[in-house]
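S.K.: Enclosed is the structure file data.cif (mmCIF, C-alpha atoms).
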```cif
data_model
loop_
_atom_site.label_atom_id
_atom_site.label_comp_id
_atom_site.auth_asym_id
_atom_site.auth_seq_id
_atom_site.Cartn_x
_atom_site.Cartn_y
_atom_site.Cartn_z
CA MET A 254 0.00 0.00 0.00
CA ARG A 255 1.55 3.31 -1.06
CA PHE A 256 -0.54 5.68 1.04
CA PRO A 257 0.66 4.30 4.43
CA LEU A 258 4.23 4.46 3.14
CA LEU A 259 3.71 8.01 1.97
CA CYS A 260 2.24 8.87 5.38
CA GLN A 261 5.21 7.40 7.22
CA ALA A 262 7.71 9.06 4.90
CA THR A 263 6.01 12.43 5.35
CA CYS A 264 5.97 12.07 9.13
CA ILE A 265 9.61 10.95 9.32
CA LEU A 266 10.77 13.72 6.99
CA MET A 267 9.09 16.40 9.08
CA THR A 268 10.35 14.93 12.33
CA ASN A 269 13.94 14.61 11.14
CA SER A 270 13.92 18.16 9.83
CA SER A 271 13.49 19.50 13.40
CA GLU A 272 16.32 17.29 14.80
CA PRO A 273 14.58 16.56 18.12
CA PRO A 274 16.39 14.77 20.94
CA PRO A 275 16.81 10.99 20.29
CA SER A 276 14.99 10.12 23.51
CA LEU A 277 11.89 11.84 22.18
CA LEU A 278 12.04 10.01 18.84
CA LYS A 279 11.97 6.67 20.64
CA GLN A 280 8.45 7.34 21.87
CA GLN A 281 6.14 5.18 19.77
CA GLY A 282 3.59 7.04 17.68
CA ILE A 283 5.25 10.47 17.87
CA PRO A 284 5.97 10.74 14.09
CA ALA A 285 2.38 9.81 13.22
CA VAL A 286 0.89 12.23 15.75
CA LEU A 287 3.06 15.11 14.58
CA GLY A 288 2.60 14.27 10.92
CA GLY A 289 -1.19 14.15 11.10
CA ARG A 290 -1.42 17.37 13.10
CA THR A 291 1.03 19.23 10.87
CA LEU A 292 -0.60 18.20 7.59
CA SER A 293 -4.04 19.10 8.93
CA ALA A 294 -2.74 22.50 10.05
CA PHE A 295 -1.05 23.02 6.68
CA ALA A 296 -4.30 22.34 4.83
CA SER A 297 -6.19 24.70 7.14
CA GLN A 298 -3.68 27.49 6.47
CA VAL A 299 -3.87 27.08 2.68
CA GLN A 300 -7.65 27.05 2.93
CA ALA A 301 -7.68 30.21 5.08
CA VAL A 302 -5.70 32.14 2.46
CA ALA A 303 -7.91 30.93 -0.39
CA VAL A 304 -11.18 31.57 1.45
CA GLY A 305 -10.11 35.00 2.69
CA TRP A 306 -8.91 36.19 -0.70
CA GLN A 307 -11.85 34.67 -2.59
CA ILE A 308 -14.46 36.16 -0.23
CA TYR A 309 -12.84 39.59 -0.46
CA ALA A 310 -12.62 39.30 -4.25
CA LEU A 311 -16.31 38.44 -4.42
CA THR A 312 -17.58 41.06 -1.93
CA HIS A 313 -14.84 43.72 -1.35
CA SER A 314 -16.23 43.92 2.19
CA ALA A 315 -14.45 43.90 5.56
CA ALA A 316 -17.70 42.74 7.15
CA ALA A 317 -17.73 39.71 4.83
CA LEU A 318 -14.28 38.74 6.10
CA GLY A 319 -15.60 39.03 9.64
CA LEU A 320 -18.53 36.76 8.78
CA VAL A 321 -16.06 34.03 7.79
CA GLY A 322 -14.78 34.10 11.36
CA LEU A 323 -18.34 34.05 12.72
CA ALA A 324 -19.19 31.04 10.52
CA GLN A 325 -16.34 29.15 12.21
CA PHE A 326 -17.08 30.45 15.71
CA LEU A 327 -20.76 29.51 15.99
CA PRO A 328 -20.24 25.77 15.34
CA MET A 329 -17.42 25.81 17.91
CA VAL A 330 -19.77 27.25 20.55
CA LEU A 331 -22.58 24.82 19.74
CA PHE A 332 -20.55 21.61 19.51
CA ILE A 333 -17.35 22.00 21.54
CA PHE A 334 -18.75 20.73 24.86
CA PRO A 335 -20.42 17.62 23.38
CA ALA A 336 -17.17 17.10 21.45
CA GLY A 337 -15.13 17.18 24.65
CA HIS A 338 -17.47 14.67 26.30
CA ALA A 339 -17.23 12.44 23.22
CA ALA A 340 -13.42 12.58 23.39
CA ASP A 341 -13.52 11.30 26.98
CA GLN A 342 -16.08 8.58 26.25
CA HIS A 343 -15.19 7.24 22.78
CA ASN A 344 -12.15 6.32 20.71
CA ARG A 345 -10.31 9.61 20.19
CA GLN A 346 -8.36 8.29 17.21
CA ARG A 347 -11.55 7.42 15.31
CA ILE A 348 -13.01 10.84 16.04
CA VAL A 349 -9.99 12.61 14.54
CA ILE A 350 -9.89 10.34 11.49
CA SER A 351 -13.60 10.91 10.80
CA CYS A 352 -13.19 14.69 10.99
CA GLN A 353 -10.16 14.69 8.68
CA VAL A 354 -11.99 12.55 6.11
CA VAL A 355 -14.97 14.96 6.12
CA GLU A 356 -12.58 17.90 5.72
CA ALA A 357 -10.92 16.18 2.76
CA LEU A 358 -14.30 15.60 1.09
CA ALA A 359 -15.46 19.17 1.75
CA THR A 360 -12.33 20.74 0.25
CA MET A 361 -12.60 18.36 -2.70
CA PHE A 362 -16.09 19.75 -3.31
CA MET A 363 -14.79 23.32 -2.99
CA ALA A 364 -12.11 22.53 -5.57
CA TYR A 365 -14.68 21.14 -8.00
CA ALA A 366 -17.04 24.09 -7.50
CA SER A 367 -14.18 26.56 -8.01
CA PHE A 368 -12.93 24.89 -11.18
CA SER A 369 -16.48 24.88 -12.56
CA HIS A 370 -17.05 28.52 -11.47
CA HIS A 371 -20.05 27.59 -9.30
CA LEU A 372 -18.62 28.46 -5.89
CA THR A 373 -20.49 31.43 -4.38
CA SER A 374 -19.90 33.37 -1.18
CA LEU A 375 -22.96 31.71 0.40
CA MET A 376 -21.57 28.26 -0.41
CA ILE A 377 -18.22 29.24 1.10
CA TYR A 378 -19.91 30.31 4.33
CA GLY A 379 -21.79 27.01 4.45
CA LEU A 380 -18.64 24.97 3.95
CA VAL A 381 -16.79 27.02 6.55
CA VAL A 382 -19.53 26.00 9.00
CA VAL A 383 -18.83 22.35 8.13
CA PHE A 384 -15.14 22.90 8.89
CA GLY A 385 -16.05 24.60 12.15
CA ILE A 386 -18.05 21.53 13.23
CA CYS A 387 -15.23 19.16 12.26
CA ARG A 388 -12.61 21.16 14.11
CA ALA A 389 -14.83 21.36 17.19
CA PHE A 390 -14.70 17.54 17.42
CA GLU A 391 -11.17 17.08 16.06
CA ALA A 392 -9.22 19.43 18.30
CA PRO A 393 -10.15 18.16 21.82
CA ALA A 394 -9.45 14.57 20.80
CA GLN A 395 -6.23 15.41 18.95
CA GLN A 396 -4.81 17.43 21.84
CA THR A 397 -4.90 14.37 24.11
CA PHE A 398 -2.53 12.34 21.91
CA LEU A 399 0.79 13.92 22.89
CA PRO A 400 0.51 13.60 26.70
CA SER A 401 -0.66 10.01 26.18
CA LEU A 402 2.56 9.13 24.34
CA VAL A 403 5.33 10.95 26.23
CA PRO A 404 6.21 11.08 29.94
CA PRO A 405 5.86 14.45 31.75
CA ALA A 406 9.64 14.98 31.76
CA LEU A 407 9.67 14.97 27.95
CA PHE A 408 6.44 16.88 27.45
CA PRO A 409 7.98 20.40 27.22
CA ARG A 410 10.36 19.20 24.48
CA ALA A 411 7.57 17.31 22.71
CA ALA A 412 5.33 20.39 22.88
CA ALA A 413 8.13 22.55 21.46
CA LEU A 414 8.69 20.08 18.61
CA SER A 415 4.96 19.95 17.92
CA SER A 416 4.84 23.75 17.93
CA SER A 417 7.82 23.90 15.56
CA LEU A 418 6.13 21.64 13.04
CA PHE A 419 2.86 23.51 13.45
CA GLN A 420 4.67 26.74 12.64
CA VAL A 421 6.26 25.10 9.59
CA ALA A 422 2.70 24.52 8.43
CA CYS A 423 1.81 28.12 9.27
CA ILE A 424 4.71 29.30 7.10
CA ALA A 425 4.43 26.90 4.18
CA GLY A 426 0.62 26.94 4.04
CA PRO A 427 0.03 30.67 3.58
CA SER A 428 3.09 31.11 1.34
CA LEU A 429 2.12 28.28 -0.97
CA GLY A 430 -1.54 29.23 -0.78
CA GLY A 431 -0.78 32.78 -1.88
CA LEU A 432 1.32 31.55 -4.80
CA LEU A 433 -1.15 28.86 -5.90
CA TYR A 434 -4.09 31.25 -5.72
CA GLY A 435 -2.66 32.85 -8.85
CA LEU A 436 -3.53 29.58 -10.60
CA GLY A 437 -7.03 29.64 -9.16
CA ALA A 438 -8.71 28.97 -5.82
CA GLY A 439 -9.52 25.44 -7.00
CA VAL A 440 -5.82 24.54 -7.01
CA CYS A 441 -5.55 25.60 -3.37
CA TYR A 442 -8.59 23.58 -2.37
CA ALA A 443 -7.33 20.50 -4.23
CA LEU A 444 -4.06 20.68 -2.30
CA CYS A 445 -6.06 20.98 0.94
CA ALA A 446 -8.07 17.87 0.09
CA LEU A 447 -4.89 15.86 -0.52
CA SER A 448 -3.30 17.11 2.73
CA PHE A 449 -6.37 16.28 4.82
CA ALA A 450 -6.49 12.80 3.28
CA ILE A 451 -2.83 12.08 4.09
CA ALA A 452 -3.36 13.47 7.60
CA ALA A 453 -6.17 10.94 8.08
CA PHE A 454 -3.81 8.11 7.06
CA CYS A 455 -1.18 9.39 9.50
CA THR A 456 -3.73 9.39 12.32
CA TYR A 457 -4.89 5.92 11.30
CA SER A 458 -1.30 4.60 11.50
CA MET A 459 -0.96 5.61 15.17
CA LYS A 460 -0.76 2.88 17.81
CA LEU A 461 -2.57 4.29 20.81
CA GLN A 462 -3.89 2.37 23.80
CA PHE A 463 -6.98 3.92 25.33
CA PRO A 464 -7.85 2.91 28.90
CA THR A 465 -11.22 1.27 29.44
CA ARG A 466 -13.57 3.55 31.35
CA ALA A 467 -17.12 3.25 32.55
CA LYS A 468 -19.39 5.15 30.19
CA GLN A 469 -20.95 8.30 31.58
CA PRO A 470 -24.36 9.44 30.36
CA ALA A 471 -24.33 12.74 28.51
CA THR A 472 -25.79 14.74 31.38
CA LEU A 473 -25.25 18.47 31.69
CA ALA A 474 -22.86 17.88 34.60
CA ALA A 475 -20.80 15.41 32.54
CA VAL A 476 -20.78 17.45 29.32
CA PHE A 477 -19.81 20.68 31.12
CA GLY A 478 -17.45 18.94 33.52
CA GLY A 479 -14.47 20.78 32.04
CA ILE A 480 -15.83 24.12 33.24
CA ALA A 481 -16.34 22.81 36.77
CA PHE A 482 -12.80 21.43 36.74
CA LEU A 483 -11.30 24.76 35.63
CA ARG A 484 -13.17 26.66 38.33
CA ARG A 485 -11.09 24.71 40.84
CA LYS A 486 -7.84 25.49 38.96
CA PRO A 487 -7.33 29.30 38.98
CA THR A 488 -3.82 29.15 37.48
CA MET A 489 -5.02 27.10 34.51
CA LEU A 490 -8.10 29.29 34.11
CA GLY A 491 -5.91 32.40 34.16
CA ALA A 492 -3.64 31.06 31.41
CA ILE A 493 -6.55 30.10 29.16
CA SER A 494 -8.48 33.34 29.68
CA LEU A 495 -5.34 35.45 29.15
CA ASP A 496 -4.86 33.92 25.72
CA LEU A 497 -8.57 34.31 25.03
CA PHE A 498 -8.57 38.07 25.46
CA ALA A 499 -5.12 38.55 23.91
CA VAL A 500 -6.20 36.80 20.71
CA LEU A 501 -9.70 38.30 20.78
CA LEU A 502 -8.40 41.86 21.04
CA GLY A 503 -4.99 41.60 19.41
CA GLY A 504 -5.71 39.31 16.48
CA ALA A 505 -5.27 41.09 13.16
CA THR A 506 -5.41 38.10 10.81
CA ALA A 507 -8.90 38.88 9.53
CA MET A 508 -7.62 42.23 8.25
CA LEU A 509 -4.64 40.83 6.35
CA PRO A 510 -6.43 40.74 2.95
CA ILE A 511 -7.26 44.45 3.38
CA PHE A 512 -3.72 45.36 4.49
CA ALA A 513 -2.20 43.33 1.62
CA ASN A 514 -4.50 44.76 -1.04
CA ASP A 515 -5.45 48.29 0.02
CA ILE A 516 -2.71 49.49 2.40
CA LEU A 517 0.49 47.68 1.42
CA HIS A 518 -0.56 47.10 -2.24
CA ALA A 519 1.14 43.69 -2.31
CA GLY A 520 -1.51 41.45 -3.90
CA PRO A 521 -2.04 37.70 -3.23
CA TRP A 522 1.68 37.01 -2.78
CA GLY A 523 1.77 39.70 -0.10
CA LEU A 524 -1.18 38.12 1.68
CA GLY A 525 0.62 34.80 1.72
CA LEU A 526 3.77 36.46 3.06
CA LEU A 527 1.87 38.31 5.78
CA ARG A 528 0.09 35.12 6.85
CA ALA A 529 3.39 33.24 6.90
CA ALA A 530 5.27 35.88 8.92
CA PRO A 531 3.88 34.94 12.38
CA GLY A 532 4.79 31.34 11.67
CA ILE A 533 8.36 32.30 10.78
CA GLY A 534 8.85 34.07 14.10
CA ALA A 535 7.12 31.30 15.99
CA LEU A 536 9.22 28.63 14.31
CA LEU A 537 12.45 30.33 15.32
CA VAL A 538 11.37 30.60 18.95
CA ALA A 539 9.91 27.07 19.04
CA ALA A 540 13.10 25.61 17.53
CA ILE A 541 15.12 27.25 20.31
CA LEU A 542 12.71 25.97 22.96
CA ALA A 543 12.83 22.44 21.52
CA ARG A 544 16.51 22.26 22.50
CA HIS A 545 16.42 24.67 25.45
CA PRO A 546 13.02 24.41 27.17
CA LEU A 547 11.83 27.09 29.57
CA GLY A 548 13.52 26.76 32.93
CA ARG A 549 12.39 29.01 35.76
CA HIS A 550 9.69 31.71 35.92
CA ALA A 551 7.43 30.31 33.16
CA GLY A 552 4.51 32.47 34.34
CA LEU A 553 6.44 35.73 34.10
CA TRP A 554 7.66 34.72 30.64
CA MET A 555 4.05 34.24 29.59
CA PHE A 556 2.96 37.72 30.71
CA THR A 557 6.02 39.33 29.11
CA ASP A 558 5.36 37.71 25.78
CA VAL A 559 1.68 38.65 25.77
CA ALA A 560 2.79 42.28 26.23
CA ILE A 561 5.25 41.93 23.34
CA PHE A 562 2.35 40.50 21.29
CA GLY A 563 0.37 43.68 21.99
CA PHE A 564 3.23 46.05 21.09
CA ALA A 565 3.90 44.17 17.84
CA THR A 566 0.21 44.37 16.93
CA ILE A 567 0.23 48.16 17.39
CA ALA A 568 3.37 48.54 15.29
CA PHE A 569 1.87 46.39 12.53
CA GLY A 570 -1.24 48.57 12.47
CA PHE A 571 0.83 51.72 11.89
CA SER A 572 3.19 50.17 9.33
CA ARG A 573 3.08 51.19 5.66
CA SER A 574 5.99 48.99 4.58
CA ILE A 575 5.61 45.32 3.65
CA ALA A 576 9.03 44.62 5.20
CA VAL A 577 8.17 46.28 8.52
CA SER A 578 4.77 44.59 8.57
CA VAL A 579 6.34 41.16 8.04
CA ILE A 580 8.89 41.80 10.83
CA MET A 581 6.19 42.91 13.27
CA LEU A 582 4.07 39.88 12.49
CA ALA A 583 7.12 37.64 12.96
CA ILE A 584 7.77 39.19 16.39
CA LEU A 585 4.09 38.76 17.21
CA GLY A 586 4.23 35.07 16.27
CA GLY A 587 7.44 34.45 18.19
CA ALA A 588 6.01 36.06 21.31
CA ASP A 589 2.90 33.93 21.10
CA VAL A 590 4.81 30.64 21.26
CA ILE A 591 5.77 30.84 24.93
CA SER A 592 2.21 31.72 25.90
CA VAL A 593 0.94 28.73 23.93
CA MET A 594 3.51 26.39 25.51
CA VAL A 595 2.77 27.46 29.09
CA ARG A 596 -0.96 27.12 28.56
CA GLY A 597 -0.54 23.75 26.83
CA ALA A 598 1.58 22.35 29.66
CA LEU A 599 -0.92 23.52 32.26
CA VAL A 600 -3.90 22.05 30.39
CA GLN A 601 -2.36 18.70 29.43
CA LEU A 602 -0.09 17.95 32.42
CA GLY A 603 -2.41 19.50 35.00
CA THR A 604 -5.46 17.47 33.88
CA PRO A 605 -6.10 13.77 34.58
CA ASP A 606 -6.53 11.67 31.42
CA GLU A 607 -10.21 10.99 32.00
CA MET A 608 -10.87 14.76 31.90
CA ARG A 609 -8.50 15.81 29.12
CA GLY A 610 -11.10 15.80 26.37
CA ARG A 611 -13.51 18.05 28.23
CA VAL A 612 -10.82 20.40 29.54
CA SER A 613 -9.29 20.57 26.04
CA ALA A 614 -12.77 21.43 24.76
CA VAL A 615 -12.97 24.43 27.10
CA ASN A 616 -9.44 25.38 26.04
CA MET A 617 -10.47 25.21 22.39
CA LEU A 618 -13.59 27.27 23.07
CA PHE A 619 -11.53 29.94 24.79
CA ILE A 620 -8.58 29.89 22.42
CA GLY A 621 -9.55 28.27 19.12
CA SER A 622 -12.90 30.01 18.85
CA SER A 623 -11.40 33.32 19.99
CA ASN A 624 -9.46 33.36 16.72
CA GLN A 625 -12.71 33.23 14.76
CA LEU A 626 -14.59 35.55 17.13
CA GLY A 627 -11.60 37.90 17.03
CA GLU A 628 -11.81 37.90 13.23
CA PHE A 629 -15.51 38.76 13.46
CA GLU A 630 -14.84 41.50 16.02
CA SER A 631 -11.98 42.92 13.93
CA GLY A 632 -14.05 42.83 10.76
CA MET A 633 -17.02 44.60 12.33
CA LEU A 634 -14.81 47.18 14.06
CA ALA A 635 -12.82 47.80 10.89
CA SER A 636 -15.99 48.33 8.89
CA ALA A 637 -17.01 50.98 11.44
CA ILE A 638 -13.75 52.86 12.15
CA GLY A 639 -11.32 51.50 9.54
CA PRO A 640 -8.78 48.64 9.61
CA ILE A 641 -5.83 50.61 11.01
CA PRO A 642 -7.59 52.01 14.12
CA ALA A 643 -9.17 48.58 14.70
CA VAL A 644 -5.80 46.82 14.77
CA VAL A 645 -4.11 49.50 16.90
CA LEU A 646 -6.92 49.53 19.47
CA GLY A 647 -6.72 45.74 19.63
CA GLY A 648 -3.02 45.90 20.48
CA ILE A 649 -3.65 48.47 23.21
CA GLY A 650 -6.38 46.25 24.65
CA THR A 651 -3.94 43.31 24.77
CA LEU A 652 -1.46 45.36 26.82
CA CYS A 653 -4.18 46.30 29.28
CA ILE A 654 -5.32 42.69 29.66
CA SER A 655 -1.75 41.53 30.38
CA GLY A 656 -1.42 43.99 33.26
CA ILE A 657 -4.84 43.25 34.73
CA TRP A 658 -4.33 39.46 34.61
CA MET A 659 -1.03 39.75 36.49
CA LEU A 660 -3.03 41.17 39.39
CA LEU A 661 -6.01 38.80 39.10
CA PHE A 662 -4.01 35.56 38.85
CA PRO A 663 -0.95 35.71 41.13
CA GLY A 664 -0.57 31.92 40.95
CA LEU A 665 0.01 32.15 37.20
CA ARG A 666 2.51 34.96 37.69
CA LYS A 667 4.44 32.80 40.19
CA LEU A 668 4.38 29.64 38.03
CA ASP A 669 7.90 28.22 37.85
CA ARG A 670 8.93 24.98 36.03
CA LEU A 671 6.55 23.45 33.47
CA GLU A 672 7.81 19.88 33.95
CA ASP A 673 6.81 20.01 37.63
CA ILE A 674 3.10 20.53 36.82
CA THR A 675 0.82 17.72 38.06
CA PRO A 676 -2.99 17.29 38.23
CA GLU A 677 -2.77 18.21 41.91
CA ASP A 678 -1.29 21.62 41.00
CA SER A 679 -2.55 24.56 38.96
#
```
Would you give me this structure, written as structure tokens?
M.R.:
Amino acid sequence: MRFPLLCQATCILMTNSSEPPPSLLKQQGIPAVLGGRTLSAFASQVQAVAVGWQIYALTHSAAALGLVGLAQFLPMVLFIFPAGHAADQHNRQRIVISCQVVEALATMFMAYASFSHHLTSLMIYGLVVVFGICRAFEAPAQQTFLPSLVPPALFPRAAALSSSLFQVACIAGPSLGGLLYGLGAGVCYALCALSFAIAAFCTYSMKLQFPTRAKQPATLAAVFGGIAFLRRKPTMLGAISLDLFAVLLGGATAMLPIFANDILHAGPWGLGLLRAAPGIGALLVAAILARHPLGRHAGLWMFTDVAIFGFATIAFGFSRSIAVSVIMLAILGGADVISVMVRGALVQLGTPDEMRGRVSAVNMLFIGSSNQLGEFESGMLASAIGPIPAVVLGGIGTLCISGIWMLLFPGLRKLDRLEDITPEDS
């Protein structure tokens, strides 16, 4: 069979390219986990460029770009808690495979409709809703794989490697998507379909052992158990909510088509470059952290980098140079990595396995959906006051949130070593 071989080759190639420590490579299933996650992220990035540019080309409306984010956010809100409960009650591997197969079929349809010139803005919104539903179920289950495969002592390095590969996808996806869009949106969607399909084969090739648990009925208390758990963990809640408001206020990704086209006058290639820039900065920082994980004072590092995220957002909003804009977005992406790693360690190492799906669901609602809700907020605000003031005000809001959260969550500010986190802490 060639597809499993292709899957393994893709996973091994990406893993070797990051040169992780040998002890981490010996953990069974790591290449498949990282390969499936990276390919899925790559396809999502290519799709985001194609959808954003195509919607703006069809409507020339900032509000329309915001509606794309809303179309992804609403399914997340409606399905994320049942998805978290499903991840704790059913085979997580099968859930992820099913979602990736649906995503492959949906992008295949988008490719066909684009090639035949039948794809409308209404159809794009509908298909974005389908992707939102899939990602609501895929993410909580997928996030439980890594802590199930590596011991806590290796988790910071594994998380850094996973982040590095994710950022590779965030660089390659937008760059290639911007270039391929010149050949037509259908080419981008066809590449997405192929990537989602290979990601599904990677996930299928994993060898995971899931503990047998007594089934819990889908009561309100069981489905929303992640919220009750987080209410008892103020440090974890502080980390998740900090990222929520930072991304909600400081996210400028929804405005990138406008900045590329109307402000920087760079065209589709410029959009791809702008979307890739945060990934470039994040990859550099994640590669350093893969070899030199955070030592002491992880909480203070998190607050510092959220502040840097806010300053970089403000500078990007004022920039009129494509070079300066790319640099600011790279700084923004690099600063975000440490925040993501601290939050990820708290959520995965500080949560018992039987609760990881539901807690990851809350994390995805706070963080994953805040990207889409932030895009909606940015689009609506930009349509009212203009894209530049909207981005600058968002950066200022991020700085304010960082200072307030330092006072509200002293436990997060005092957080020290990530590898020492246990379910009894946080």
S.K.: Can you list, as a list in words, every protein, DNA or RNA residue that comes within 6 Å of Cys455 (chain A) when you count all atoms listed in the file, leaving out same-chain residues fewer than 2 positions away?
M.R.: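 Result of the neighbour search: Cys260, Ala285, Gly289, Ala452, Ala453, Tyr457 and Ser458 of chain A.
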S.K.: Generate the output file for the selected residues, C-alpha atoms, as a compact mmCIF listing (two decimals), in the coordinates of the input.
M.R.:
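Now in selection32.txt:
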```txt
# COMPACT_ATOMS: atom_id res chain seq x y z
CA CYS A 260 2.24 8.87 5.38
CA ALA A 285 2.38 9.81 13.22
CA GLY A 289 -1.19 14.15 11.10
CA ALA A 452 -3.36 13.47 7.60
CA ALA A 453 -6.17 10.94 8.08
CA TYR A 457 -4.89 5.92 11.30
CA SER A 458 -1.30 4.60 11.50
```
S.K.: For Ala443 (chain A), which of A:Gln346, A:Gln353, A:Gln300, A:Ser428 is the closest residue, counting only C-alpha atoms?
M.R.: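 Between A:Gln346, A:Gln353, A:Gln300, A:Ser428, the residue approaching Ala443 (chain A) most closely is A:Gln300.
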S.K.: To one decimal in Å, tell me the separation between CA of Cys441 (chain A) and CA of Ile348 (chain A).
M.R.: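 A separation of 25.5 Å between them.
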S.K.: For this file, the PyMOL selection byres ((chain A and resi 386) around 8) selects which residues, as an MDAnalysis selection string?
M.R.: chainID A and resid 325 328:329 332 382:385 387:390
S.K.: Taking 2 positions as the minimum chain separation for residues in the same chain, which residues sit within 8 Å of region 408-416 of chain A when counting only C-alpha atoms? Answer as a count of residues only.
M.R.: 26
S.K.: Run through the PyMOL selection byres ((chain A and resi 394) around 8) on the given coordinates and return the selected residues as a ChimeraX atom specification.
M.R.: /A:337,340,345-346,348-349,390-393,395-398,610,613
S.K.: Got a moment to write region 438-452 of chain A out with N, CA and C atoms, as a short mmCIF file (atom, residue, chain, number, x, y, z; two decimals), in the first residue's frame?
M.R.:
```cif
data_model
loop_
_atom_site.label_atom_id
_atom_site.label_comp_id
_atom_site.auth_asym_id
_atom_site.auth_seq_id
_atom_site.Cartn_x
_atom_site.Cartn_y
_atom_site.Cartn_z
N ALA A 438 -8.38 29.46 -7.16
CA ALA A 438 -8.71 28.97 -5.82
C ALA A 438 -8.87 27.45 -5.81
N GLY A 439 -9.33 26.89 -6.93
CA GLY A 439 -9.52 25.44 -7.00
C GLY A 439 -8.25 24.66 -6.78
N VAL A 440 -7.11 25.21 -7.22
CA VAL A 440 -5.82 24.54 -7.01
C VAL A 440 -5.51 24.49 -5.52
N CYS A 441 -5.77 25.58 -4.82
CA CYS A 441 -5.55 25.60 -3.37
C CYS A 441 -6.42 24.57 -2.66
N TYR A 442 -7.69 24.51 -3.03
CA TYR A 442 -8.59 23.58 -2.37
C TYR A 442 -8.23 22.13 -2.68
N ALA A 443 -7.75 21.87 -3.88
CA ALA A 443 -7.33 20.50 -4.23
C ALA A 443 -6.14 20.08 -3.38
N LEU A 444 -5.20 20.99 -3.16
CA LEU A 444 -4.06 20.68 -2.30
C LEU A 444 -4.52 20.43 -0.87
N CYS A 445 -5.51 21.19 -0.41
CA CYS A 445 -6.06 20.98 0.94
C CYS A 445 -6.68 19.59 1.06
N ALA A 446 -7.43 19.19 0.04
CA ALA A 446 -8.07 17.87 0.09
C ALA A 446 -7.03 16.76 0.20
N LEU A 447 -5.95 16.86 -0.59
CA LEU A 447 -4.89 15.86 -0.52
C LEU A 447 -4.22 15.85 0.85
N SER A 448 -3.96 17.02 1.42
CA SER A 448 -3.30 17.11 2.73
C SER A 448 -4.17 16.53 3.84
N PHE A 449 -5.47 16.85 3.82
CA PHE A 449 -6.37 16.28 4.82
C PHE A 449 -6.43 14.76 4.70
N ALA A 450 -6.43 14.25 3.48
CA ALA A 450 -6.49 12.80 3.28
C ALA A 450 -5.25 12.11 3.84
N ILE A 451 -4.06 12.67 3.57
CA ILE A 451 -2.83 12.08 4.09
C ILE A 451 -2.79 12.20 5.61
N ALA A 452 -3.30 13.31 6.15
CA ALA A 452 -3.36 13.47 7.60
C ALA A 452 -4.21 12.37 8.23
#
```
